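To be precise, the following lines are query.cif, and they hold mmCIF, C-alpha atoms.
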```cif
data_protein
#
loop_
_atom_site.label_atom_id
_atom_site.label_comp_id
_atom_site.auth_asym_id
_atom_site.auth_seq_id
_atom_site.Cartn_x
_atom_site.Cartn_y
_atom_site.Cartn_z
CA MET A 15 0.00 0.00 0.00
CA THR A 16 1.32 3.43 -0.93
CA ARG A 17 1.84 5.79 1.94
CA ILE A 18 0.77 9.41 1.46
CA VAL A 19 2.80 12.25 2.97
CA TYR A 20 1.63 15.86 2.83
CA CYS A 21 4.02 18.74 3.59
CA ASN A 22 2.37 21.92 4.81
CA CYS A 23 5.52 24.09 4.47
CA SER A 24 4.40 25.74 7.70
CA PHE A 25 7.54 27.78 8.32
CA ALA A 26 7.61 29.72 5.04
CA ARG A 27 5.12 31.18 2.62
CA VAL A 28 6.23 29.49 -0.55
CA LEU A 29 3.15 27.36 -1.14
CA ALA A 30 -0.01 29.17 -2.20
CA PRO A 31 -2.43 28.86 0.75
CA GLU A 32 -5.33 28.07 -1.57
CA VAL A 33 -3.40 25.14 -3.07
CA LYS A 34 -2.09 23.60 0.14
CA ASN A 35 -5.39 24.09 1.99
CA ARG A 36 -7.40 22.58 -0.86
CA VAL A 37 -5.06 19.58 -1.05
CA LEU A 38 -5.28 19.12 2.73
CA GLU A 39 -9.09 19.28 2.54
CA GLY A 40 -9.04 16.73 -0.26
CA LEU A 41 -6.84 14.40 1.77
CA ALA A 42 -8.97 14.86 4.87
CA ALA A 43 -12.11 13.99 2.89
CA SER A 44 -10.56 11.01 1.11
CA GLY A 45 -11.20 8.43 3.81
CA GLN A 46 -7.59 7.30 3.49
CA ALA A 47 -4.86 7.46 6.06
CA PHE A 48 -2.04 9.92 5.49
CA ASP A 49 0.81 11.64 7.30
CA ALA A 50 0.84 15.41 7.44
CA VAL A 51 4.16 17.00 8.28
CA PRO A 52 4.66 20.68 9.04
CA ASP A 53 7.86 21.09 7.07
CA LEU A 54 10.06 18.56 5.29
CA CYS A 55 12.96 21.03 5.26
CA GLU A 56 12.95 21.22 9.04
CA MET A 57 12.76 17.41 9.30
CA SER A 58 15.67 17.09 6.89
CA ALA A 59 17.81 19.53 8.87
CA ARG A 60 17.07 17.54 12.05
CA LYS A 61 17.81 14.27 10.23
CA ASP A 62 14.45 13.07 11.54
CA PRO A 63 14.42 9.24 11.59
CA ALA A 64 10.83 9.37 10.31
CA LEU A 65 12.24 10.32 6.90
CA VAL A 66 14.15 7.04 6.76
CA GLN A 67 10.93 5.18 7.50
CA ILE A 68 9.04 7.14 4.84
CA ALA A 69 11.75 6.47 2.27
CA GLN A 70 11.67 2.74 2.85
CA GLY A 71 8.35 1.99 1.19
CA ASP A 72 6.08 3.06 -1.65
CA VAL A 73 5.25 6.69 -1.04
CA THR A 74 3.52 9.62 -2.67
CA ILE A 75 4.70 12.96 -1.32
CA ALA A 76 2.70 16.14 -1.88
CA ALA A 77 5.22 18.93 -1.31
CA CYS A 78 7.21 21.16 -3.64
CA TYR A 79 9.75 20.74 -6.43
CA PRO A 80 10.70 17.06 -6.81
CA ARG A 81 14.41 17.91 -7.13
CA ALA A 82 14.27 19.74 -3.79
CA VAL A 83 12.33 16.98 -2.06
CA ARG A 84 14.65 14.27 -3.39
CA TRP A 85 17.78 16.00 -2.11
CA LEU A 86 16.18 16.97 1.21
CA PHE A 87 15.58 13.27 1.89
CA SER A 88 19.07 12.44 0.71
CA ALA A 89 20.58 15.08 3.00
CA ALA A 90 18.82 13.41 5.93
CA GLY A 91 20.39 10.05 5.06
CA ALA A 92 17.06 8.79 3.69
CA PRO A 93 17.41 8.65 -0.09
CA LEU A 94 14.15 8.09 -1.94
CA ASP A 95 13.93 5.19 -4.35
CA PRO A 96 12.86 6.75 -7.68
CA GLN A 97 10.92 3.57 -8.47
CA ARG A 98 8.90 3.77 -5.26
CA ALA A 99 8.55 7.48 -4.59
CA ASN A 100 6.19 9.78 -6.44
CA ILE A 101 6.57 13.49 -5.69
CA LEU A 102 3.72 15.90 -6.40
CA ASN A 103 4.47 19.58 -6.70
CA MET A 104 2.09 21.91 -4.86
CA ARG A 105 4.30 24.84 -5.78
CA SER A 106 3.75 24.71 -9.50
CA ASP A 107 0.68 22.52 -9.94
CA SER A 108 -2.94 23.23 -9.08
CA ALA A 109 -4.67 21.55 -6.14
CA GLU A 110 -6.96 19.74 -8.59
CA SER A 111 -4.01 18.33 -10.47
CA VAL A 112 -2.30 17.19 -7.24
CA LEU A 113 -5.50 15.56 -5.98
CA ALA A 114 -6.09 13.95 -9.36
CA SER A 115 -2.60 12.43 -9.16
CA LEU A 116 -3.31 11.22 -5.64
CA TYR A 117 -6.73 9.74 -6.19
CA GLY A 118 -7.32 9.77 -9.91
CA GLY A 119 -9.82 12.61 -9.55
CA ALA A 120 -10.40 15.69 -7.39
CA GLN A 121 -12.01 14.94 -4.07
CA MET B 89 12.64 14.16 22.11
CA SER B 90 10.49 13.75 19.00
CA PHE B 91 6.75 14.09 19.25
CA ARG B 92 3.88 13.10 16.94
CA VAL B 93 0.12 13.43 17.05
CA ALA B 94 -2.23 10.75 15.72
CA LEU B 95 -5.78 11.76 14.82
CA TYR B 96 -7.46 8.43 15.39
CA GLU B 97 -10.78 7.54 13.73
CA SER B 98 -10.51 3.78 13.56
CA ASP B 99 -11.89 0.99 15.73
CA GLY B 100 -13.18 2.22 19.08
CA ALA B 101 -13.48 5.85 17.99
CA LEU B 102 -16.21 7.85 16.27
CA PRO B 103 -15.46 9.63 13.00
CA LEU B 104 -15.07 13.39 12.71
CA GLU B 105 -16.80 15.60 10.18
CA ASP B 106 -14.62 16.23 7.11
CA SER B 107 -14.50 19.98 7.79
CA GLN B 108 -13.62 19.41 11.46
CA ARG B 109 -10.85 16.95 10.59
CA SER B 110 -9.44 19.40 8.09
CA ALA B 111 -9.54 22.31 10.57
CA ILE B 112 -7.86 20.26 13.31
CA LEU B 113 -5.09 19.16 10.94
CA ARG B 114 -4.51 22.69 9.63
CA GLY B 115 -4.38 24.13 13.16
CA LEU B 116 -1.84 21.57 14.33
CA LEU B 117 0.32 21.80 11.20
CA GLU B 118 0.47 25.57 11.39
CA LYS B 119 1.77 25.20 14.95
CA GLY B 120 4.46 22.85 13.67
CA TYR B 121 3.05 19.48 14.75
CA ARG B 122 3.38 16.33 12.71
CA VAL B 123 0.02 14.52 12.49
CA SER B 124 -0.96 11.09 11.21
CA SER B 125 -4.58 10.81 10.13
CA ILE B 126 -5.72 7.28 10.94
CA ARG B 127 -8.95 6.21 9.30
CA LYS B 128 -11.31 3.24 9.47
CA GLY B 129 -9.45 -0.04 9.76
CA GLY B 130 -6.14 1.68 10.37
CA ILE B 131 -3.81 1.27 13.32
CA VAL B 132 -1.44 3.57 15.12
CA ALA B 133 1.95 2.47 13.87
CA ASP B 134 5.31 3.32 15.38
CA ALA B 135 6.95 5.99 13.26
CA GLY B 136 10.16 6.32 15.19
CA GLU B 137 9.11 9.10 17.54
CA ASP B 138 9.76 9.20 21.30
CA ALA B 139 6.27 10.34 22.29
CA LEU B 140 2.91 9.94 20.63
CA LEU B 141 -0.34 11.71 21.50
CA VAL B 142 -3.46 9.95 20.21
CA LEU B 143 -6.51 12.16 19.74
CA GLY B 144 -9.95 10.73 19.08
CA ARG B 145 -13.63 10.68 19.87
CA PHE B 146 -13.22 7.54 21.93
CA GLU B 147 -16.32 5.43 22.59
CA SER B 148 -15.08 4.03 25.85
CA THR B 149 -12.60 5.09 28.47
CA THR B 150 -9.05 4.98 27.21
CA PRO B 151 -5.93 4.81 29.32
CA ALA B 152 -4.36 8.20 29.93
CA ALA B 153 -1.03 6.79 28.94
CA ALA B 154 0.47 3.54 27.78
CA ALA B 155 3.91 2.26 27.07
CA ASP B 156 4.57 0.68 23.71
CA GLY B 157 8.19 -0.31 23.70
CA ALA B 158 10.26 2.85 23.79
CA VAL B 159 7.38 5.11 22.77
CA ARG B 160 5.42 7.09 25.35
CA VAL B 161 1.80 6.99 24.23
CA SER B 162 -0.90 9.28 25.63
CA PHE B 163 -4.58 9.53 24.71
CA ARG B 164 -6.93 12.52 24.73
CA ASN B 165 -10.65 12.48 24.07
CA VAL B 166 -11.48 15.40 21.80
CA ASP B 167 -15.23 14.80 21.52
CA GLY B 168 -17.03 18.14 21.40
CA LEU B 169 -13.86 20.24 21.39
CA GLU B 170 -13.23 23.04 18.89
CA PRO B 171 -10.01 22.87 16.80
CA ALA B 172 -8.39 25.68 18.84
CA ALA B 173 -9.05 23.78 22.08
CA ILE B 174 -7.57 20.65 20.51
CA THR B 175 -4.43 22.55 19.55
CA ALA B 176 -4.17 23.78 23.15
CA LEU B 177 -4.56 20.19 24.36
CA VAL B 178 -1.70 19.11 22.10
CA GLU B 179 0.51 21.95 23.35
CA GLU B 180 -0.16 20.70 26.88
CA GLY B 181 0.65 17.12 25.86
CA ARG B 182 3.90 18.22 24.26
CA THR B 183 4.92 20.17 27.36
CA ALA B 184 4.12 17.15 29.55
CA VAL B 185 6.67 15.00 27.72
CA ALA B 186 9.19 17.86 27.50
CA ALA B 187 9.30 17.82 23.71
CA PRO B 188 10.73 21.03 22.23
CA GLU B 189 8.37 23.69 20.96
CA PRO B 190 8.17 23.40 17.17
CA GLY B 191 8.57 26.28 14.75
CA LYS B 192 11.31 28.12 16.58
CA TRP B 193 13.63 28.13 13.56
CA LYS B 194 12.82 28.95 9.95
CA PRO B 195 14.45 26.05 8.14
CA TRP B 196 16.58 28.00 5.69
CA PHE B 197 19.73 26.20 4.61
CA PRO B 198 21.40 24.95 1.44
CA VAL B 199 20.68 21.52 0.02
CA ILE B 200 23.20 19.99 -2.37
CA ASP B 201 22.08 18.34 -5.59
CA TYR B 202 24.81 15.73 -5.84
CA SER B 203 23.78 14.82 -9.37
CA ARG B 204 25.20 18.23 -10.36
CA CYS B 205 27.85 18.88 -7.70
CA THR B 206 31.45 18.44 -8.88
CA ASN B 207 32.93 18.76 -5.36
CA CYS B 208 34.80 21.91 -6.38
CA MET B 209 34.55 23.28 -2.80
CA GLN B 210 33.76 26.84 -3.93
CA CYS B 211 30.81 26.94 -1.52
CA LEU B 212 33.06 25.84 1.34
CA SER B 213 35.60 28.52 0.45
CA PHE B 214 32.90 31.15 0.11
CA CYS B 215 30.70 30.66 3.18
CA LEU B 216 31.86 32.60 6.21
CA PHE B 217 29.44 30.95 8.59
CA GLU B 218 30.81 27.39 8.49
CA VAL B 219 27.61 25.96 7.07
CA TYR B 220 29.65 23.64 4.85
CA GLY B 221 32.07 20.98 5.85
CA VAL B 222 33.81 17.97 4.38
CA SER B 223 32.75 14.38 5.00
CA SER B 224 35.17 11.65 6.04
CA ASP B 225 35.45 10.70 2.36
CA HIS B 226 36.33 14.32 1.45
CA LYS B 227 33.00 15.26 -0.10
CA ILE B 228 31.37 18.63 0.40
CA GLN B 229 28.53 18.47 2.90
CA VAL B 230 26.09 20.79 4.60
CA GLN B 231 27.05 20.29 8.24
CA ASN B 232 25.73 23.27 10.18
CA GLU B 233 22.29 24.10 8.78
CA THR B 234 21.35 26.44 11.59
CA ASN B 235 24.43 28.63 10.95
CA CYS B 236 22.94 29.67 7.60
CA LYS B 237 21.63 33.23 7.35
CA THR B 238 17.89 33.27 6.65
CA GLU B 239 17.00 34.47 3.15
CA CYS B 240 20.64 34.53 2.05
CA PRO B 241 21.21 32.40 -1.09
CA ALA B 242 24.72 33.78 -1.77
CA CYS B 243 26.56 30.43 -1.88
CA SER B 244 24.19 29.19 -4.57
CA ARG B 245 25.31 32.17 -6.66
CA VAL B 246 28.93 31.10 -6.59
CA CYS B 247 28.17 27.48 -7.45
CA PRO B 248 29.17 27.03 -11.08
CA GLU B 249 26.95 23.96 -11.49
CA VAL B 250 23.62 25.23 -10.07
CA ALA B 251 23.96 22.41 -7.55
CA ILE B 252 22.93 24.35 -4.45
CA LEU B 253 19.24 24.63 -3.66
CA PHE B 254 17.37 26.66 -1.13
CA PRO B 255 13.92 25.06 -1.24
CA LYS B 256 12.30 28.10 0.36
CA TYR B 257 13.81 30.57 -2.09
CA ARG B 258 11.42 32.36 -4.43
CA HIS B 259 13.08 31.93 -7.77
CA SER B 260 13.96 29.09 -10.07
CA PRO B 261 16.20 27.08 -10.22
CA ILE B 262 17.65 27.86 -6.75
CA ASN B 263 14.27 26.88 -5.28
CA GLY B 264 14.71 23.32 -6.56
CA ASP B 265 12.94 23.64 -9.88
CA GLU B 266 14.59 21.66 -12.66
CA VAL B 267 17.64 23.31 -14.21
CA ASN B 268 17.16 23.96 -17.91
CA ALA B 269 19.43 25.12 -20.71
CA ASP B 270 18.39 28.76 -20.22
CA ASP B 271 19.35 28.53 -16.55
CA MET B 272 22.75 27.20 -17.48
CA ARG B 273 23.25 30.06 -19.93
CA ARG B 274 22.19 32.50 -17.23
CA GLU B 275 24.51 30.86 -14.75
CA ALA B 276 27.38 31.39 -17.16
CA LEU B 277 26.54 35.07 -17.11
CA LYS B 278 25.38 35.20 -13.54
CA VAL B 279 26.46 37.78 -11.09
CA ASP B 280 30.08 37.13 -10.48
CA ILE B 281 30.37 38.45 -6.98
CA SER B 282 34.12 38.47 -7.23
CA ALA B 283 34.05 40.48 -10.45
CA LEU B 284 31.48 42.76 -8.94
CA LEU B 285 33.96 43.67 -6.26
CA GLY B 286 36.92 43.71 -8.60
CA GLY B 287 38.46 40.34 -7.75
CA ASP B 288 38.10 37.96 -4.88
CA ILE B 289 35.33 39.09 -2.57
CA TYR B 290 37.43 38.72 0.54
CA ALA B 291 40.44 40.31 -1.09
CA ALA B 292 38.17 43.19 -2.06
CA LEU B 293 36.89 43.55 1.45
CA ARG B 294 40.44 43.32 2.72
CA ASP B 295 41.55 46.03 0.30
CA ARG B 296 38.64 48.16 1.28
CA SER B 297 39.61 47.76 4.89
CA ALA B 298 43.23 48.64 4.14
CA LYS B 299 42.26 51.56 1.94
CA SER B 300 39.82 52.91 4.43
CA LYS B 301 42.42 52.55 7.17
CA SER B 302 45.00 54.45 5.17
CA ARG B 303 42.42 57.01 4.14
CA PHE B 304 41.38 57.46 7.73
CA SER B 305 44.97 57.95 8.73
CA LYS B 306 45.66 60.40 5.90
CA GLU B 307 42.40 62.13 5.24
CA ARG B 308 40.04 60.88 7.91
CA ASP B 309 37.45 60.71 5.13
CA GLU B 310 35.11 58.51 7.09
CA GLU B 311 32.05 59.73 5.28
CA ARG B 312 33.42 58.70 1.89
CA ALA B 313 34.39 55.25 3.14
CA ILE B 314 30.95 54.67 4.55
CA LYS B 315 29.41 55.79 1.27
CA GLU B 316 31.60 53.41 -0.74
CA ARG B 317 30.78 50.54 1.51
CA ALA B 318 27.08 51.35 1.26
CA ASN B 319 27.30 51.38 -2.56
CA CYS B 320 29.02 48.04 -2.52
CA LEU B 321 26.39 46.57 -0.22
CA VAL B 322 23.56 47.93 -2.37
CA LYS B 323 25.13 46.21 -5.39
CA LEU B 324 25.36 42.91 -3.55
CA THR B 325 21.83 43.21 -2.20
CA LYS B 326 20.40 44.02 -5.61
CA GLU B 327 22.35 41.72 -7.85
CA ALA B 328 23.05 38.72 -5.67
CA GLY B 329 19.83 38.73 -3.65
CA ILE B 330 21.66 38.93 -0.35
CA PRO B 331 19.47 40.51 2.32
CA PRO B 332 20.86 43.73 3.84
CA GLU B 333 20.53 42.17 7.32
CA VAL B 334 23.01 39.46 6.32
CA LEU B 335 25.47 41.98 4.99
CA ALA B 336 25.04 44.07 8.09
CA SER B 337 25.83 41.04 10.23
CA LEU B 338 29.05 40.18 8.39
CA PRO B 339 32.07 39.96 10.64
CA SER B 340 34.66 42.71 10.54
CA PRO B 341 37.04 42.69 7.54
CA GLU B 342 39.79 41.28 9.77
CA GLU B 343 37.56 38.47 10.96
CA ILE B 344 36.41 37.84 7.39
CA LEU B 345 40.03 37.46 6.36
CA ILE B 346 40.72 34.88 9.08
CA LYS B 347 37.51 32.94 8.38
CA ALA B 348 38.01 33.04 4.63
CA GLU B 349 41.57 31.77 4.94
CA ALA B 350 40.44 28.96 7.22
CA ALA B 351 37.62 27.98 4.84
CA LYS B 352 39.97 28.09 1.85
CA GLN B 353 42.47 25.90 3.66
CA ARG B 354 39.80 23.33 4.48
CA ALA B 355 38.71 23.33 0.84
CA GLN B 356 42.29 22.97 -0.38
CA ILE B 357 42.99 20.08 1.99
CA ALA B 358 39.82 18.30 0.82
CA LEU B 359 40.67 18.88 -2.83
CA ALA B 360 44.23 17.66 -2.30
CA GLN B 361 42.92 14.51 -0.59
CA ASN B 362 40.55 13.91 -3.49
CA ALA B 363 43.36 14.36 -5.98
CA ILE B 364 45.44 11.75 -4.11
CA GLU B 365 42.57 9.28 -3.87
CA GLN B 366 41.15 9.82 -7.34
CA PRO B 367 44.07 10.73 -9.57
CA LYS B 368 43.03 11.87 -13.05
#
```

Represent the structure contained in this file as structure tokens.
Amino acid sequence: MTRIVYCNCSFARVLAPEVKNRVLEGLAASGQAFDAVPDLCEMSARKDPALVQIAQGDVTIAACYPRAVRWLFSAAGAPLDPQRANILNMRSDSAESVLASLYGGAQ
Amino acid sequence: MSFRVALYESDGALPLEDSQRSAILRGLLEKGYRVSSIRKGGIVADAGEDALLVLGRFESTTPAAAADGAVRVSFRNVDGLEPAAITALVEEGRTAVAAPEPGKWKPWFPVIDYSRCTNCMQCLSFCLFEVYGVSSDHKIQVQNETNCKTECPACSRVCPEVAILFPKYRHSPINGDEVNADDMRREALKVDISALLGGDIYAALRDRSAKSKSRFSKERDEERAIKERANCLVKLTKEAGIPPEVLASLPSPEEILIKAEAAKQRAQIALAQNAIEQPK
């Protein structure tokens, strides 16, 4: 089963609030379990062991630019397997497009 | 001490309204809490944290706390509580286990894209704040993230390979967006901070210091020196995107010289080691 991780980028204003809030609402209404993290950057800087756990399985991460997310995990000693990790970009894509990638249709 | 919240809506707990669930999650995330949303049929799994607070509309009495291996688990019934009250409850729970308050630091630091990095050590030589270091196998590494100056992307400007990201930066490709051919062309023409200051940045600062010292001794033209320095700082602020606060917090020219020499030496040692281990 693919794990879903949502990054709220709480400590900066780089994600459009309407996008991140809409994606969070979609996740909350999906009926599926997910992990919501305040800020992947902060977790990476702390080398949070949770990142290692996340990187170990199939995962879809709704966050920002895939290149940034990939190297944030790598910096924390938790490299993502490109075959098992799917990164969705809330910085450049619309909430509808992110939700469609998550669930095959907006929630 | 790491701390996580689980919003539990599985066996033994009543479900929340969608809008309520969403509001609780948003409130906790904005305060810096990590939350797992556990839905029907799901279980609370260990995610490597030291303490876990389980929130739910529990149907029967739950233990106030339980031990699950090394994890301290606490439960709180949130039935009938508003999202703000739930956030307050979580703050209380965090304090009870002595977990640090989240959100105290804006996570601003460089991230290296090793698919582009050539280990040239320019970033190590450039940074005055010892953000960079060298790993045991002589590779450039970000070692002191919290030393980095918020909003300052200067080291990414000196990287010739566009290999340094600041995910919270506004503009592409430093923000982590893919690097395209146009970016590479721009990088070739990018602000050369050294050129901007007429040579090596530290040498320029050193010269400025020396010149201003001699000027002070001869002419005591303090006003002119301050004006020159201000012009130089405006150039850096405008063209390299370095916030004025960072420039204002730079060490004195003498300290810069010492730090720059030390950084350069570290870079040279690492490069020499690499040359020995990986001869061309």

Quiz item: Nearest to A:Arg60: which of A:Asn35, A:Leu86, A:Val28, A:Leu102 is it, counting only C-alpha atoms?
Solution: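 Answer, going by the shortest atom-to-atom distance: A:Leu86.
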
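Taking only C-alpha atoms into account, B:Pro103 lies nearest to A:Ala43 out of the set A:Ala43, A:Val51, A:Val112, A:Ala30.
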
Self-check item: Expected selection from the PyMOL selection byres ((chain A) within 8 of (chain B)), given as a VMD selection string
Solution: chain A and resid 22 24 to 26 28 35 38 to 39 42 to 43 45 to 53 55 to 56 59 63 to 64 67 79 to 82 85 to 86 89

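When the PyMOL selection byres ((chain A and resi 93) around 9) is run on the displayed coordinates, the residues it returns are Leu65, Val66, Ala69, Gln70, Arg84, Trp85, Leu86, Phe87, Ser88, Ala89, Ala90, Gly91, Ala92, Leu94 and Asp95 of chain A.
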
Practice problem: Tell me, as a ChimeraX atom specification, which residues lie within 10 Å of stretch 75-77 of chain A, counting all atoms listed in the file; anything in the same chain fewer than 4 positions away does not count. | Solution: /A:17-23,29,34,37-38,49-51,53-54,68,82-83,99-105,112-113,115-116
